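Beneath this line is the structure, given in structure tokens, with notes to follow.
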2 protein chains.
Amino acid sequence: MAKSVSKPPKRAVRGSTSGRPIMALLDLLGRRWTLRILWELRERSLTSRALREACDDASPTVLQARLSDLRDAGLIALGPDGYGLTDTGRELQDTFLPLHRFAERWSKSLAAG
Amino acid sequence: MAKSVSKPPKRAVRGSTSGRPIMALLDLLGRRWTLRILWELRERSLTSRALREACDDASPTVLQARLSDLRDAGLIALGPDGYGLTDTGRELQDTFLPLHRFAERWSKSLAAG
DNA sequence: CGATATGCTACATATTATGTAGCGACCTGC
DNA sequence: GCAGGTCGCTACATAATATGTAGCATATCG
């Protein structure tokens, strides 16, 4: 299974060879800590270390890897006050905001069920 | 780190101990293949084998693990025609549908950028 | 200079995924 | 009633990732 076609330098996003952007996106977001990172950056920029604390002290190794992935994807960027969402990242964020309310309902349906 | 509070039987969703449903949800969705599975089930039920094919022949080991996770979470269920979204799962799906269009724009902004 | 914070990396260990094979159960058609 | 097919699911060895701890080089502030 060739995973790299047009982007050999690093790990290509899985599914990126299919020409279906949604697959590449789902793969990126499906990596550990990725969603959490985007969530923690939802309303403020955070330094890499502050982000680490916010993410239950996840190991810096993966965190840096994900930050690198997300930067390559153009969803976050490193500014003067730490990591923050780009315009594109904020677009994605808007897609995810309803998730919060869903999570509440979901949690209750789990407890009830 | 105690990962189980109210559901000792299996692996508890990470962050489920925090009392913040969003964390539990983000952890669940952030596991490999989870988002992809939900996506593939978006408009039809699939047998576990058909789902495997749809997911680029992912290994049955993880796939079954994720199906189990998603069933515990009440997002999918095994019916007569294979795995399908529950009502709650479909609610979540609705949250994710805009992702498709975003992926298209994102892909273009990457190519352009 | 000393103290502190930044982004980031090394590396040994634990955890998780991959790939291949195969199980028992349940349908068919013969 | 027994081949032949599918179903959901599991075992197990190997490869890939994550974890946790430590530390680097740089920058800022006193």
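How things are named: the first chain in the structure tokens is A, the next is B, and so on; residues count from 1 in each chain; ligands count from 1 in the order shown.
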message: Residues of chain D were defined as contacting chain B if any atom lay at most 12 Å from it, counting only C-alpha atoms (C1' of nucleotides); please report them as a ChimeraX atom specification.
response: /D:6-12,17
Atoms to include: C-alpha atoms (C1' of nucleotides). Write the selected residues as a PDB file, in the first residue's frame.
```
ATOM      1  C1'  DT D   6     -21.336 -15.542   4.652  1.00  0.00           C
ATOM      2  C1'  DC D   7     -21.635 -13.567   9.209  1.00  0.00           C
ATOM      3  C1'  DG D   8     -19.309 -11.367  13.698  1.00  0.00           C
ATOM      4  C1'  DC D   9     -15.351 -11.928  16.024  1.00  0.00           C
ATOM      5  C1'  DT D  10     -10.672 -13.551  17.883  1.00  0.00           C
ATOM      6  C1'  DA D  11      -5.342 -15.123  18.201  1.00  0.00           C
ATOM      7  C1'  DC D  12      -0.948 -13.953  17.578  1.00  0.00           C
ATOM      8  C1'  DT D  17       3.020   4.916  17.934  1.00  0.00           C
TER       9       DT D  17
END
```
- request: Identify, on the basis of only C-alpha atoms (C1' of nucleotides), every residue whose closest approach to DA10 (chain C) does not exceed 10 Å; exclude the query and any residue fewer than 5 positions from it along the same chain; express the result as JSON, numbers by chain.
  value: {"A": [61], "D": [22, 23, 24]}
Near chain B, which residues of chain A fall within 8 Å when you count only C-alpha atoms, and what do they look like as a PDB file with C-alpha atoms, in the first residue's frame?
```pdb
ATOM      1  CA  PRO A  21     -10.059  15.413   0.865  1.00  0.00           C
ATOM      2  CA  ILE A  22     -12.546  14.174   3.422  1.00  0.00           C
ATOM      3  CA  MET A  23     -10.480  11.013   3.886  1.00  0.00           C
ATOM      4  CA  LEU A  25      -9.152  15.184   6.937  1.00  0.00           C
ATOM      5  CA  LEU A  26     -10.720  12.289   8.801  1.00  0.00           C
ATOM      6  CA  ASP A  27      -7.347  10.646   9.096  1.00  0.00           C
ATOM      7  CA  LEU A  29      -8.460  14.444  12.921  1.00  0.00           C
ATOM      8  CA  GLY A  30      -8.497  10.786  13.882  1.00  0.00           C
ATOM      9  CA  ARG A  31      -4.973  10.871  15.216  1.00  0.00           C
ATOM     10  CA  ARG A  32      -4.578  10.899  18.946  1.00  0.00           C
ATOM     11  CA  TRP A  33      -4.767  14.337  20.575  1.00  0.00           C
ATOM     12  CA  THR A  34      -5.560  16.145  17.344  1.00  0.00           C
ATOM     13  CA  LEU A  35      -9.189  16.882  18.164  1.00  0.00           C
ATOM     14  CA  ARG A  36      -8.255  17.706  21.728  1.00  0.00           C
ATOM     15  CA  ALA A  73      -2.370  21.209   7.391  1.00  0.00           C
ATOM     16  CA  GLY A  74      -2.609  24.957   7.827  1.00  0.00           C
ATOM     17  CA  THR A  88      -8.922  27.880   8.126  1.00  0.00           C
ATOM     18  CA  GLU A  91     -13.558  27.498  10.018  1.00  0.00           C
ATOM     19  CA  LEU A  92     -13.051  23.928  11.111  1.00  0.00           C
ATOM     20  CA  THR A  95     -17.907  22.963  12.367  1.00  0.00           C
ATOM     21  CA  PHE A  96     -17.064  21.426  15.692  1.00  0.00           C
ATOM     22  CA  PRO A  98     -22.054  22.007  18.110  1.00  0.00           C
ATOM     23  CA  LEU A  99     -20.093  19.022  19.377  1.00  0.00           C
ATOM     24  CA  HIS A 100     -20.079  20.474  22.861  1.00  0.00           C
ATOM     25  CA  PHE A 102     -24.065  17.095  21.637  1.00  0.00           C
ATOM     26  CA  ALA A 103     -21.588  15.761  24.176  1.00  0.00           C
ATOM     27  CA  GLU A 104     -23.868  16.883  26.991  1.00  0.00           C
ATOM     28  CA  TRP A 106     -24.871  12.085  24.693  1.00  0.00           C
ATOM     29  CA  SER A 107     -23.535  11.848  28.213  1.00  0.00           C
ATOM     30  CA  LEU A 110     -25.470   7.118  28.307  1.00  0.00           C
TER      31      LEU A 110
END
```
message: I'd like the contact shell of Glu43 (chain A) - 10 Å cut-off, only C-alpha atoms (C1' of nucleotides), skipping same-chain residues fewer than 4 positions apart - returned as a ChimeraX atom specification.
response: /A:38-39,84-85,90,93
Closest-contact table, chain C side, partner chain A, 12 Å, counting only C-alpha atoms (C1' of nucleotides), as JSON lines:
```
{"residue": "C:DA5", "atom": "C1'", "partner": "A:Arg49", "partner_atom": "CA", "distance": 9.4}
{"residue": "C:DT6", "atom": "C1'", "partner": "A:Thr47", "partner_atom": "CA", "distance": 8.1}
{"residue": "C:DG7", "atom": "C1'", "partner": "A:Ser48", "partner_atom": "CA", "distance": 7.1}
{"residue": "C:DC8", "atom": "C1'", "partner": "A:Gln64", "partner_atom": "CA", "distance": 7.5}
{"residue": "C:DT9", "atom": "C1'", "partner": "A:Thr61", "partner_atom": "CA", "distance": 8.1}
{"residue": "C:DA10", "atom": "C1'", "partner": "A:Thr61", "partner_atom": "CA", "distance": 9.9}
{"residue": "C:DC11", "atom": "C1'", "partner": "A:Thr61", "partner_atom": "CA", "distance": 11.0}
{"residue": "C:DT16", "atom": "C1'", "partner": "A:Arg32", "partner_atom": "CA", "distance": 11.3}
```
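Between Ala58 (chain B) and the residues C:DA25, C:DA12, C:DA17, C:DA3, the shortest atom-to-atom distance, using only C-alpha atoms (C1' of nucleotides), involves C:DA17.
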field: region 35-91 of chain B: residues DSSP assigns to helix (DSSP H, G or I), reported as JSON, numbers by chain
entry: {"B": [35, 36, 37, 38, 39, 40, 48, 49, 50, 51, 52, 53, 54, 60, 61, 62, 63, 64, 65, 66, 67, 68, 69, 70, 71, 72, 87, 88, 89, 90, 91]}
